[in-house]
Structures are given as structure tokens and as C-alpha cells.
>>> print(open('target27.txt').read())   # compact mmCIF, C-alpha atoms
# COMPACT_ATOMS: atom_id res chain seq x y z
CA MET A 10 79.21 64.63 112.57
CA PRO A 11 81.45 65.63 109.61
CA THR A 12 84.64 66.48 111.46
CA MET A 13 87.02 64.00 109.82
CA LEU A 14 88.43 66.52 107.35
CA LEU A 15 89.02 68.96 110.16
CA SER A 16 90.97 66.45 112.23
CA GLY A 17 93.81 66.17 109.73
CA ALA A 18 93.42 62.40 109.78
CA SER A 19 93.62 62.27 105.99
CA GLY A 20 97.16 63.60 106.05
CA ARG A 21 96.26 66.49 103.75
CA PRO A 22 98.54 69.52 104.34
CA THR A 23 97.06 72.71 105.72
CA LEU A 24 97.86 76.29 104.78
CA ALA A 25 100.04 76.45 107.88
CA ASP A 26 102.38 73.91 106.25
CA VAL A 27 103.03 75.90 103.08
CA LEU A 28 105.65 78.49 104.03
CA PRO A 29 107.71 76.19 106.30
CA ASN A 30 108.01 73.74 103.40
CA CYS A 31 109.06 76.55 101.09
CA LEU A 32 111.80 77.52 103.53
CA ASP A 33 112.92 73.89 103.74
CA ALA A 34 113.30 73.92 99.96
CA LEU A 35 115.36 77.13 100.10
CA GLN A 36 117.72 75.39 102.52
CA GLY A 37 117.94 72.30 100.35
CA VAL A 38 116.06 70.24 102.95
CA GLU A 39 113.26 67.89 101.96
CA GLY A 40 110.25 68.75 104.11
CA PRO A 41 106.94 66.88 104.39
CA LEU A 42 105.79 68.24 101.00
CA ALA A 43 109.02 67.02 99.38
CA LEU A 44 109.53 70.26 97.46
CA PRO A 45 112.71 70.27 95.36
CA ALA A 46 115.53 72.62 96.34
CA ALA A 47 115.16 76.19 95.08
CA ARG A 48 116.92 79.54 95.42
CA SER A 49 113.71 81.50 95.97
CA ALA A 50 110.06 80.70 96.45
CA VAL A 51 106.82 82.39 95.40
CA VAL A 52 103.45 81.62 96.99
CA LEU A 53 100.55 82.94 94.94
CA LEU A 54 97.44 82.99 97.11
CA VAL A 55 94.17 83.41 95.19
CA ASP A 56 91.40 84.55 97.50
CA GLY A 57 88.30 82.39 97.04
CA LEU A 58 89.52 79.69 94.63
CA GLY A 59 88.46 76.27 95.92
CA ALA A 60 89.80 73.10 94.35
CA SER A 61 86.34 71.97 93.21
CA MET A 62 85.69 75.38 91.62
CA LEU A 63 88.91 75.22 89.65
CA ARG A 64 88.26 71.70 88.43
CA ARG A 65 84.77 72.62 87.26
CA ARG A 66 86.16 75.56 85.28
CA ALA A 67 89.33 73.82 84.10
CA GLY A 68 88.72 74.80 80.46
CA HIS A 69 89.16 78.46 81.39
CA ALA A 70 92.42 77.89 83.31
CA ARG A 71 94.81 75.86 81.18
CA HIS A 72 97.95 77.53 82.59
CA ILE A 73 96.86 77.03 86.19
CA MET A 74 95.75 73.44 85.56
CA SER A 75 98.93 72.45 83.77
CA GLY A 76 100.80 69.91 85.89
CA TRP A 77 98.26 69.94 88.71
CA ALA A 78 98.25 66.50 90.30
CA LYS A 79 95.00 65.39 91.89
CA ARG A 80 96.71 64.96 95.25
CA ASP A 81 98.03 68.53 95.26
CA THR A 82 95.50 70.15 97.57
CA ALA A 83 95.51 71.72 101.01
CA PHE A 84 92.98 72.17 103.78
CA SER A 85 91.85 75.53 105.14
CA PHE A 86 89.55 76.05 108.10
CA PRO A 87 88.04 78.35 109.21
CA SER A 88 87.34 78.81 105.52
CA THR A 89 87.50 82.59 105.56
CA THR A 90 90.16 85.08 104.50
CA VAL A 91 91.27 86.38 107.88
CA ALA A 92 91.85 82.85 109.15
CA GLY A 93 93.30 81.32 105.99
CA THR A 94 95.81 84.05 105.19
CA THR A 95 96.92 84.29 108.81
CA SER A 96 97.39 80.54 109.08
CA LEU A 97 99.53 80.71 105.96
CA THR A 98 101.70 83.59 107.14
CA THR A 99 102.11 82.50 110.77
CA ALA A 100 102.40 78.77 109.97
CA ALA A 101 99.87 78.25 112.75
CA PRO A 102 96.22 77.19 112.99
CA ALA A 103 93.45 79.55 114.04
CA GLY A 104 93.54 78.19 117.57
CA VAL A 105 97.01 79.70 117.92
CA HIS A 106 96.76 82.98 116.01
CA GLY A 107 93.22 83.64 117.22
CA LEU A 108 91.52 84.84 114.03
CA VAL A 109 88.79 82.21 114.23
CA GLY A 110 86.20 83.92 112.01
CA TYR A 111 85.23 86.93 109.94
CA THR A 112 83.65 88.43 113.05
CA VAL A 113 84.09 87.33 116.67
CA TYR A 114 82.52 88.31 119.97
CA ASP A 115 84.96 90.11 122.26
CA ARG A 116 83.65 89.40 125.75
CA ALA A 117 85.94 91.87 127.47
CA ALA A 118 84.64 94.75 125.36
CA GLY A 119 81.14 93.37 124.93
CA ILE A 120 81.16 93.92 121.17
CA VAL A 121 81.34 91.92 117.95
CA ARG A 122 84.69 92.55 116.25
CA ASN A 123 85.16 92.57 112.48
CA GLN A 124 88.57 90.99 111.84
CA LEU A 125 88.71 92.09 108.22
CA HIS A 126 87.85 95.78 108.52
CA GLY A 127 87.44 96.58 112.22
CA TRP A 128 91.02 97.03 113.37
CA ASP A 129 92.23 99.84 115.65
CA VAL A 130 88.72 100.28 117.08
CA ASP A 131 88.28 100.22 120.87
CA GLY A 132 91.69 98.72 121.50
CA MET A 133 91.82 96.12 118.71
CA GLU A 134 95.51 96.68 118.00
CA PRO A 135 96.91 94.21 115.42
CA ALA A 136 100.07 93.09 117.23
CA HIS A 137 98.16 92.49 120.47
CA TRP A 138 95.06 90.91 118.93
CA GLN A 139 97.17 88.59 116.74
CA PRO A 140 100.35 87.96 118.77
CA ALA A 141 101.75 84.95 116.88
CA PRO A 142 104.95 85.91 115.03
CA THR A 143 104.72 85.69 111.27
CA VAL A 144 107.08 83.61 109.19
CA PHE A 145 108.32 86.92 107.77
CA GLU A 146 109.21 88.23 111.23
CA ARG A 147 111.04 85.04 112.07
CA LEU A 148 112.98 85.23 108.82
CA ALA A 149 113.98 88.83 109.46
CA ALA A 150 115.13 87.99 112.99
CA ALA A 151 117.15 85.00 111.79
CA GLY A 152 118.71 86.76 108.81
CA GLY A 153 117.07 84.33 106.40
CA PRO A 154 115.77 84.90 102.86
CA GLU A 155 114.26 88.34 102.35
CA PRO A 156 110.44 88.24 102.66
CA TYR A 157 108.17 90.30 100.40
CA VAL A 158 104.44 90.79 100.02
CA VAL A 159 103.01 91.82 96.64
CA ALA A 160 99.44 93.11 96.71
CA GLN A 161 97.20 96.07 95.93
CA SER A 162 97.78 99.48 97.51
CA ASP A 163 94.40 99.30 99.29
CA TYR A 164 95.88 96.81 101.74
CA THR A 165 99.28 98.41 102.32
CA ASP A 166 98.60 99.57 105.87
CA SER A 167 95.37 97.77 106.71
CA GLY A 168 94.88 96.27 110.14
CA LEU A 169 94.90 92.76 108.74
CA THR A 170 98.18 93.48 106.94
CA ARG A 171 99.69 94.66 110.24
CA ALA A 172 98.33 91.60 111.99
CA SER A 173 99.28 88.94 109.46
CA LEU A 174 102.00 90.26 107.16
CA ARG A 175 104.34 91.85 109.68
CA GLY A 176 108.02 91.58 108.87
CA ALA A 177 107.76 91.59 105.06
CA THR A 178 108.51 94.41 102.66
CA TYR A 179 105.26 95.45 100.96
CA VAL A 180 105.37 95.94 97.19
CA VAL A 181 102.36 97.41 95.39
CA GLY A 182 100.86 95.91 92.25
CA GLU A 183 97.41 97.19 91.35
CA SER A 184 96.45 94.74 88.60
CA MET A 185 97.19 91.02 88.42
CA ALA A 186 99.63 91.76 85.61
CA ASP A 187 101.34 94.40 87.76
CA ARG A 188 101.73 91.92 90.61
CA VAL A 189 103.24 89.31 88.31
CA GLU A 190 105.73 91.85 86.97
CA ALA A 191 106.67 92.94 90.49
CA THR A 192 107.09 89.33 91.61
CA LEU A 193 109.32 88.50 88.66
CA ASP A 194 111.45 91.57 89.38
CA LEU A 195 111.90 90.44 92.99
CA VAL A 196 113.01 86.90 92.18
CA ALA A 197 115.22 87.88 89.25
CA ALA A 198 117.92 88.92 91.71
CA GLY A 199 120.51 86.37 92.80
CA GLN A 200 119.79 86.39 96.54
CA PRO A 201 117.23 84.05 98.11
CA ARG A 202 113.78 85.54 98.56
CA LEU A 203 110.35 84.48 99.79
CA VAL A 204 107.52 86.25 97.97
CA TYR A 205 103.85 86.14 98.92
CA CYS A 206 101.64 87.42 96.10
CA TYR A 207 97.95 88.04 96.81
CA VAL A 208 95.04 88.05 94.34
CA ALA A 209 91.73 89.43 95.66
CA GLU A 210 89.74 89.81 92.43
CA LEU A 211 88.13 86.36 92.18
CA ASP A 212 86.77 86.52 95.72
CA GLN A 213 85.36 89.98 95.07
CA ALA A 214 83.61 88.87 91.89
CA GLY A 215 82.35 85.70 93.55
CA HIS A 216 80.78 87.54 96.45
CA ARG A 217 79.06 90.05 94.19
CA TYR A 218 77.98 87.93 91.24
CA GLY A 219 78.51 84.33 92.35
CA TRP A 220 81.42 82.12 91.37
CA GLU A 221 79.33 80.49 88.63
CA SER A 222 78.82 83.86 86.91
CA ASP A 223 80.37 85.17 83.71
CA GLU A 224 81.98 87.95 85.73
CA TRP A 225 83.84 85.42 87.86
CA LEU A 226 84.97 83.53 84.76
CA ILE A 227 86.43 86.72 83.32
CA ARG A 228 88.53 87.09 86.45
CA LEU A 229 89.60 83.43 86.32
CA GLU A 230 90.76 83.86 82.73
CA GLU A 231 92.66 87.01 83.75
CA LEU A 232 94.29 85.06 86.55
CA ASP A 233 95.16 82.21 84.20
CA ALA A 234 96.92 84.61 81.82
CA ALA A 235 98.82 86.11 84.76
CA VAL A 236 99.90 82.67 86.00
CA GLY A 237 101.03 81.78 82.48
CA ASP A 238 103.20 84.91 82.37
CA LEU A 239 104.54 84.24 85.85
CA VAL A 240 105.56 80.67 85.08
CA ALA A 241 107.12 81.67 81.77
CA GLY A 242 109.17 84.40 83.46
CA LEU A 243 110.41 82.52 86.52
CA PRO A 244 114.12 81.75 86.69
CA ARG A 245 114.73 78.01 86.67
CA ASP A 246 115.78 77.98 90.33
CA VAL A 247 112.60 79.62 91.66
CA GLY A 248 109.69 77.54 92.90
CA LEU A 249 106.03 78.55 92.74
CA LEU A 250 103.03 77.32 94.73
CA VAL A 251 99.53 78.42 93.72
CA THR A 252 96.99 78.08 96.52
CA ALA A 253 93.94 79.74 98.07
CA ASP A 254 92.47 80.64 101.45
CA HIS A 255 89.04 79.07 100.91
CA GLY A 256 86.52 77.99 98.30
CA MET A 257 83.01 79.29 97.72
CA LEU A 258 79.40 78.26 97.23
CA ASP A 259 76.65 80.25 95.54
CA ILE A 260 73.66 80.69 97.85
CA PRO A 261 70.52 82.16 96.23
CA PRO A 262 68.41 84.63 98.25
CA GLU A 263 65.62 82.11 98.72
CA ARG A 264 68.04 79.88 100.65
CA GLN A 265 68.78 82.56 103.23
CA ILE A 266 67.41 81.69 106.67
CA LEU A 267 66.40 84.76 108.67
CA VAL A 268 66.29 84.01 112.39
CA ASP A 269 63.70 86.12 114.17
CA GLU A 270 64.69 87.85 117.41
CA ASP A 271 61.88 86.01 119.22
CA SER A 272 63.02 82.62 117.93
CA PRO A 273 63.99 79.95 120.48
CA LEU A 274 67.17 79.65 118.43
CA LEU A 275 68.31 82.93 120.00
CA ASP A 276 67.09 82.40 123.57
CA GLY A 277 69.86 83.53 125.88
CA VAL A 278 72.12 84.60 123.00
CA VAL A 279 73.85 87.93 123.60
CA ALA A 280 75.78 88.08 120.32
CA VAL A 281 75.93 86.37 116.93
CA ALA A 282 79.29 86.40 115.13
CA GLY A 283 81.11 84.41 112.43
CA GLU A 284 79.83 84.27 108.86
CA PRO A 285 76.46 83.50 107.29
CA ARG A 286 77.56 79.88 106.77
CA LEU A 287 79.21 79.44 110.16
CA ARG A 288 77.64 81.19 113.10
CA HIS A 289 79.17 81.64 116.54
CA LEU A 290 76.46 82.05 119.19
CA ALA A 291 77.57 83.69 122.43
CA LEU A 292 75.75 83.35 125.73
CA ASP A 293 76.13 85.67 128.70
CA ASP A 294 79.30 85.47 130.79
CA ASP A 295 77.88 83.23 133.51
CA ALA A 296 76.63 80.60 131.05
CA SER A 297 79.78 80.82 128.93
CA ALA A 298 82.11 80.28 131.86
CA ASP A 299 80.50 76.94 132.77
CA PRO A 300 81.55 74.08 130.43
CA ALA A 301 78.58 72.05 131.68
CA SER A 302 76.23 74.98 131.10
CA ARG A 303 72.68 73.78 130.70
CA ALA A 304 72.01 76.93 128.68
CA ALA A 305 74.65 76.05 126.08
CA HIS A 306 73.50 72.43 125.82
CA ALA A 307 69.88 73.50 125.52
CA LEU A 308 70.72 76.05 122.84
CA ALA A 309 72.70 73.47 120.86
CA GLU A 310 69.82 70.99 121.08
CA ARG A 311 67.32 73.56 119.83
CA TRP A 312 69.53 74.26 116.83
CA ARG A 313 70.07 70.55 116.14
CA GLU A 314 66.35 69.91 116.28
CA SER A 315 65.62 72.79 113.91
CA GLU A 316 68.67 72.75 111.61
CA GLY A 317 70.33 69.37 112.10
CA LYS A 318 69.61 68.32 108.53
CA ARG A 319 71.26 71.46 107.16
CA ALA A 320 74.05 72.14 109.64
CA THR A 321 76.47 70.61 112.11
CA VAL A 322 75.95 72.11 115.57
CA LEU A 323 78.69 71.82 118.21
CA LEU A 324 79.42 73.26 121.61
CA ARG A 325 82.63 75.27 121.84
CA GLU A 326 84.35 72.44 123.71
CA GLU A 327 83.29 69.93 121.07
CA ALA A 328 84.55 72.07 118.19
CA ILE A 329 87.91 72.59 119.86
CA ALA A 330 88.26 68.95 120.91
CA SER A 331 87.45 67.84 117.36
CA GLY A 332 90.45 69.77 116.05
CA TRP A 333 88.53 72.44 114.17
CA TYR A 334 91.03 75.07 115.35
CA GLY A 335 94.16 72.94 115.35
CA ASP A 336 95.67 70.72 118.04
CA PRO A 337 93.34 71.17 121.03
CA ALA A 338 96.33 71.28 123.39
CA LEU A 339 97.67 74.35 121.58
CA VAL A 340 94.49 76.42 121.38
CA THR A 341 95.13 79.61 123.34
CA PRO A 342 92.69 81.01 125.90
CA ALA A 343 92.24 84.10 123.72
CA ALA A 344 91.35 82.03 120.65
CA ALA A 345 89.02 79.77 122.64
CA SER A 346 87.19 82.79 124.04
CA ARG A 347 86.41 83.96 120.49
CA VAL A 348 84.72 80.68 119.54
CA GLY A 349 80.99 80.77 120.16
CA ASP A 350 79.43 78.85 123.03
CA VAL A 351 77.54 77.12 120.22
CA VAL A 352 78.87 76.86 116.66
CA VAL A 353 76.46 76.32 113.74
CA ALA A 354 78.20 75.17 110.55
CA ALA A 355 76.03 74.96 107.44
CA THR A 356 76.46 71.74 105.45
CA LYS A 357 73.70 72.40 102.90
CA LEU A 358 73.20 75.39 100.59
CA VAL A 359 71.91 77.80 103.25
CA THR A 360 73.04 80.90 105.12
CA TYR A 361 71.92 82.12 108.55
CA TYR A 362 71.15 85.76 109.31
CA PRO A 363 70.31 87.12 112.77
CA PRO A 364 68.02 90.12 113.34
CA GLY A 365 69.34 93.54 112.41
CA VAL A 366 71.44 92.55 109.42
CA PRO A 367 70.98 95.29 106.77
CA ASP A 368 69.44 94.22 103.47
CA ARG A 369 72.61 95.23 101.62
CA ALA A 370 74.60 92.74 103.70
CA ARG A 371 72.45 89.93 102.32
CA LEU A 372 73.17 90.77 98.69
CA MET A 373 76.32 88.63 98.47
CA ILE A 374 75.79 85.51 96.37
CA GLY A 375 79.11 83.72 96.85
CA GLN A 376 79.55 82.54 100.45
CA HIS A 377 82.08 80.55 102.48
CA GLY A 378 83.24 79.96 106.03
CA SER A 379 81.88 76.50 106.81
CA ILE A 380 83.20 72.94 106.85
CA THR A 381 82.18 71.52 103.45
CA PRO A 382 84.87 70.28 101.04
CA GLU A 383 83.84 72.98 98.56
CA GLU A 384 84.81 75.61 101.13
CA THR A 385 87.79 73.99 102.85
CA ILE A 386 89.75 72.14 100.14
CA VAL A 387 92.00 74.42 98.09
CA PRO A 388 94.54 73.79 95.34
CA LEU A 389 98.24 73.56 96.15
CA ILE A 390 99.72 73.57 92.67
CA ARG A 391 103.47 73.16 92.13
CA LYS A 392 105.19 75.04 89.35
CA GLY A 393 108.60 76.33 88.38
CA ALA A 394 111.35 74.65 90.40
CA PHE A 395 108.64 73.03 92.56
CA ALA A 396 106.92 71.29 89.64
CA ARG A 397 106.48 67.56 89.88
CA VAL A 398 108.68 65.61 87.45
>>> encode(input="target27.txt", output="C-alpha cells")
Amino acid sequence: MPTMLLSGASGRPTLADVLPNCLDALQGVEGPLALPAARSAVVLLVDGLGASMLRRRAGHARHIMSGWAKRDTAFSFPSTTVAGTTSLTTAAPAGVHGLVGYTVYDRAAGIVRNQLHGWDVDGMEPAHWQPAPTVFERLAAAGGPEPYVVAQSDYTDSGLTRASLRGATYVVGESMADRVEATLDLVAAGQPRLVYCYVAELDQAGHRYGWESDEWLIRLEELDAAVGDLVAGLPRDVGLLVTADHGMLDIPPERQILVDEDSPLLDGVVAVAGEPRLRHLALDDDASADPASRAAHALAERWRESEGKRATVLLREEAIASGWYGDPALVTPAAASRVGDVVVAATKLVTYYPPGVPDRARLMIGQHGSITPEETIVPLIRKGAFARV
């Protein structure tokens, strides 16, 4: 059962560690990452840039690769945007902030919720659904360094922004170059600032064309030029960390597994959530409320018998106890309720689709969400005042 990476036993930092260590550096305190002291800090989060992807395309990213030590990586699970970005900005694992997947089954409402685009529908209010305070909110309350978010205008008032970026001043930059310019303007001032800069373009290209496509490479080269300009323009007392929320794997259409509605793999299942590479299977309320549920155990065994060579299959209690969602003692009841009674995590190059998924939803080539190193290990590259010497 490949849960070692998820347990944190390797000592690898997680995305939840990034901003607290930046704040330590702004206070001149050496945190666990041993970042040097800095006046201001910039965290550049590149959506969908796994460490293995970057290494395989190193020749197209000389500015990003410059000074990247092999040990400078972080761990992100669930390996999906809503979870990764929220873990970064709340400094908490998914078991605390509750965004445990792209979609989750809301038992109280009896519907599958989309945590990327489905906000403000049927009571899914951001501050209630994601109650953990953000690092930005805590900074504002404590009178600490001014927090800023630099991203495209499309996300200015999105539900995910209101759930995960609360407390920061939002600055618009439409292109990567625009975002770099805005970031440099923010940190040019003398006062301490914490800037979170978001790049969506690589993830978008990867989903549509695959991360091994020419289109994705064009975006990587654009990012590399932007990082080069950012590093060149940073004041000497400003640190920069380049990281990501997840990696990506290309899954061809012939590797898609379509689960028929009459399949034993869906016996008793009332909802299928998660992502194509990590499915959350929900049983009815009576079966779900019983930790010793024979229905849940039987469902897990059917999946293991059918898919055990291509996926890790765990009961909800097993996934939580294994540390998939952070320290088991800290997992909130709300977060636990959003984890499937059975969790199916692909470990081979496959995706799982339940009945009723529109054909257009199966057009995406680049996929993520599961527990493989390609999806969960991301770069954590130190530059500017944070560069290794």
C-alpha cells in the first residue's frame, strides 16, 4: 500500500509549510526550511508543474532550473488545485480546511459539489464551507506584512478566491509578464510584504493538449522568461519561492476506464466524486455511518479484486488513519464527511469515469489528483534572498 509519501515520514515539506517559513524569514527567524532573512517574500505558484515534469523539460527552463537543488521539493496531496492552493494559503492540510478533492459528495444536501466552480450554489458559501483562516487573514489581524495576491482578472471574485485567498489585496495581471511586473512593483516598496503570484497557463495547456505537447512547452518557455525577469528585477532583500500545487500525467483515451452503471463496482454507491484519477465512492447514509459497514468493506474488496493492480483502494478510515489528509487527530468532521466511504487512487496510467459523464469531460489529456510521485511531488525552488549559497 503506497502510503509512505503521504505520511510525511520522509521529512519532505508540504505546501502548508511554505508561507509560515516565509513569515519566519521576514521576522529574521530561522524556520524548518532555514530560509535566510528577507524584507519581503514572493511565492510563485505554478498550477500543474510537477518536479518530474520540470526535470524532464529542464532544457526549456534554464532560469527556473538555475540553482535548484535536488532536495528542494515539496509534497502536495490531494494533488488537485483546490486542495493544494488552499493548503498553501491556510498553512493547513486538507483534513483541516476541508477541500479534499475537485468534487465532493455533500451528504446534507445530497449532491456532488464542485469545489472549483460550484460555489454559492445551494448554500455552498465560501467562508462557511472553508472555515480555516488564511495566512493572509491572520497577517491582517496581527498587523504583519501586507499580503497581496497577483493573478488574472477571471479569478478576482471567484468562490475559490473567497474561500482560500481571503485577507489579501487582489492585484490583476492578465499575462505572465503582467503578473511579474505587478509583483515587482509591490516588492519595490520599502515596507515588508508577502506576495502570492499565481500562474494558471501550464495547467490549462496540460489538460487540453497534454503536458508532453508542444503547446505545453510553449507555456513553460513563457514561464521561464517570466521567472528570469522576476529574479533579475527583485531587490536584494526579497526572497522568492517557486512551487506548484500538483504535477500531471498524460492519460490517452484508450486508458480511460468507463464503469458501467450495472457494474458490481457501483453496487450500493449513491455518488461518485473526486477526480478521474482519485475517486471517492459514497454509500447511503446508513452504510456510511457505520465504520464496520459490511457494505463499505465489500465495495472496497470488489474494487481491489478488479483494480488492485492499477489502483490503491482504501476505506475512508484507512485513508484518514494513513495521514492522507494530514494528522488524523486534526481531521475535522466536515472534512472527514467529504472523503468517500471508499477511495480509489490510480497508481498506473488510467482514469476512472462513472456513468453519465459527458463525452466532452473525457477530452482532457493531462490528469492529476492521485498519490503517485509524478502528481504529488512539486518543486520548491529558492531564489532571490532565499537562494542557497
>>> residues_around(input="target27.txt", residues="Ala241 in chain A", least_positions_apart="5", cutoff="12 Å", atoms="only C-alpha atoms", output="list of chain:residue names")
A:His72, A:Val189, A:Glu190, A:Leu193, A:Ala234, A:Ala235, A:Val236, A:Val247, A:Leu249, A:Lys392, A:Gly393, A:Ala394
>>> atom_distance(input="target27.txt", atom1="CA of Ile374 in chain A", atom2="CA of Ala172 in chain A")
28.1 Å
>>> atom_distance(input="target27.txt", atom1="CA of Arg188 in chain A", atom2="CA of Gly57 in chain A")
17.7 Å
>>> closest_residue(input="target27.txt", among="A:Val279, A:Val196, A:Ala83, A:Pro102", to="Pro337 in chain A", atoms="all atoms listed in the file")
A:Pro102
>>> closest_residue(input="target27.txt", among="A:Thr112, A:Glu263, A:Thr95, A:Gly242", to="Thr170 in chain A", atoms="all atoms listed in the file")
A:Thr95
>>> residues_near_point(input="target27.txt", point="(100.6, 66.7, 87.7)", cutoff="9 Å", atoms="only C-alpha atoms", output="list of chain:residue names")
A:Met74, A:Ser75, A:Gly76, A:Trp77, A:Ala78, A:Lys79, A:Arg80, A:Asp81, A:Ile390, A:Arg391, A:Ala396, A:Arg397, A:Val398
>>> closest_residue(input="target27.txt", among="A:Glu316, A:Leu389, A:Arg48, A:Ser297", to="Arg116 in chain A", atoms="all atoms listed in the file")
A:Ser297
>>> atom_distance(input="target27.txt", atom1="CA of Arg175 in chain A", atom2="CA of Leu53 in chain A")
17.6 Å
>>> residues_around(input="target27.txt", residues="Ala330 in chain A", least_positions_apart="3", cutoff="12 Å", atoms="all atoms listed in the file", output="PyMOL selection string")
chain A and resi 12+15-16+104+323-327+333-340+345
>>> decode(input="target27.txt", residues="range 83-104 of chain A", atoms="N, CA and C atoms", output="PDB file, in the first residue's frame")
ATOM      1  N   ALA A  83       8.589  19.814  -2.524  1.00  0.00           N
ATOM      2  CA  ALA A  83       7.541  19.767  -1.509  1.00  0.00           C
ATOM      3  C   ALA A  83       6.528  18.703  -1.908  1.00  0.00           C
ATOM      4  N   PHE A  84       5.663  18.381  -0.981  1.00  0.00           N
ATOM      5  CA  PHE A  84       4.659  17.341  -1.190  1.00  0.00           C
ATOM      6  C   PHE A  84       3.276  17.962  -1.163  1.00  0.00           C
ATOM      7  N   SER A  85       2.423  17.563  -2.109  1.00  0.00           N
ATOM      8  CA  SER A  85       1.070  18.112  -2.184  1.00  0.00           C
ATOM      9  C   SER A  85       0.066  16.993  -2.426  1.00  0.00           C
ATOM     10  N   PHE A  86      -0.795  16.777  -1.452  1.00  0.00           N
ATOM     11  CA  PHE A  86      -1.905  15.845  -1.613  1.00  0.00           C
ATOM     12  C   PHE A  86      -3.057  16.339  -0.756  1.00  0.00           C
ATOM     13  N   PRO A  87      -4.267  16.244  -1.284  1.00  0.00           N
ATOM     14  CA  PRO A  87      -4.702  15.775  -2.599  1.00  0.00           C
ATOM     15  C   PRO A  87      -4.066  16.607  -3.715  1.00  0.00           C
ATOM     16  N   SER A  88      -3.653  15.915  -4.763  1.00  0.00           N
ATOM     17  CA  SER A  88      -2.886  16.578  -5.822  1.00  0.00           C
ATOM     18  C   SER A  88      -3.821  17.218  -6.834  1.00  0.00           C
ATOM     19  N   THR A  89      -4.561  18.204  -6.343  1.00  0.00           N
ATOM     20  CA  THR A  89      -5.515  18.941  -7.163  1.00  0.00           C
ATOM     21  C   THR A  89      -5.532  20.391  -6.705  1.00  0.00           C
ATOM     22  N   THR A  90      -5.927  21.297  -7.583  1.00  0.00           N
ATOM     23  CA  THR A  90      -5.749  22.725  -7.348  1.00  0.00           C
ATOM     24  C   THR A  90      -6.472  23.215  -6.106  1.00  0.00           C
ATOM     25  N   VAL A  91      -7.729  22.828  -5.921  1.00  0.00           N
ATOM     26  CA  VAL A  91      -8.473  23.369  -4.790  1.00  0.00           C
ATOM     27  C   VAL A  91      -7.809  22.987  -3.469  1.00  0.00           C
ATOM     28  N   ALA A  92      -7.276  21.781  -3.399  1.00  0.00           N
ATOM     29  CA  ALA A  92      -6.630  21.330  -2.170  1.00  0.00           C
ATOM     30  C   ALA A  92      -5.248  21.949  -2.003  1.00  0.00           C
ATOM     31  N   GLY A  93      -4.443  21.925  -3.077  1.00  0.00           N
ATOM     32  CA  GLY A  93      -3.077  22.415  -2.984  1.00  0.00           C
ATOM     33  C   GLY A  93      -2.990  23.893  -2.673  1.00  0.00           C
ATOM     34  N   THR A  94      -3.765  24.702  -3.396  1.00  0.00           N
ATOM     35  CA  THR A  94      -3.695  26.146  -3.158  1.00  0.00           C
ATOM     36  C   THR A  94      -4.233  26.491  -1.776  1.00  0.00           C
ATOM     37  N   THR A  95      -5.266  25.784  -1.335  1.00  0.00           N
ATOM     38  CA  THR A  95      -5.831  26.092  -0.020  1.00  0.00           C
ATOM     39  C   THR A  95      -4.910  25.636   1.104  1.00  0.00           C
ATOM     40  N   SER A  96      -4.219  24.523   0.920  1.00  0.00           N
ATOM     41  CA  SER A  96      -3.221  24.124   1.909  1.00  0.00           C
ATOM     42  C   SER A  96      -2.107  25.155   2.003  1.00  0.00           C
ATOM     43  N   LEU A  97      -1.699  25.689   0.856  1.00  0.00           N
ATOM     44  CA  LEU A  97      -0.672  26.730   0.859  1.00  0.00           C
ATOM     45  C   LEU A  97      -1.152  27.958   1.624  1.00  0.00           C
ATOM     46  N   THR A  98      -2.343  28.443   1.313  1.00  0.00           N
ATOM     47  CA  THR A  98      -2.770  29.735   1.841  1.00  0.00           C
ATOM     48  C   THR A  98      -3.335  29.668   3.253  1.00  0.00           C
ATOM     49  N   THR A  99      -3.741  28.478   3.708  1.00  0.00           N
ATOM     50  CA  THR A  99      -4.197  28.347   5.093  1.00  0.00           C
ATOM     51  C   THR A  99      -3.124  27.751   5.997  1.00  0.00           C
ATOM     52  N   ALA A 100      -2.031  27.273   5.400  1.00  0.00           N
ATOM     53  CA  ALA A 100      -0.978  26.572   6.149  1.00  0.00           C
ATOM     54  C   ALA A 100      -1.564  25.375   6.892  1.00  0.00           C
ATOM     55  N   ALA A 101      -2.506  24.699   6.236  1.00  0.00           N
ATOM     56  CA  ALA A 101      -3.189  23.565   6.861  1.00  0.00           C
ATOM     57  C   ALA A 101      -3.436  22.477   5.827  1.00  0.00           C
ATOM     58  N   PRO A 102      -3.453  21.209   6.246  1.00  0.00           N
ATOM     59  CA  PRO A 102      -3.740  20.124   5.316  1.00  0.00           C
ATOM     60  C   PRO A 102      -5.225  20.075   4.973  1.00  0.00           C
ATOM     61  N   ALA A 103      -5.551  19.251   3.987  1.00  0.00           N
ATOM     62  CA  ALA A 103      -6.932  19.159   3.532  1.00  0.00           C
ATOM     63  C   ALA A 103      -7.876  18.675   4.614  1.00  0.00           C
ATOM     64  N   GLY A 104      -7.371  17.879   5.549  1.00  0.00           N
ATOM     65  CA  GLY A 104      -8.215  17.404   6.636  1.00  0.00           C
ATOM     66  C   GLY A 104      -8.656  18.498   7.581  1.00  0.00           C
TER      67      GLY A 104
END
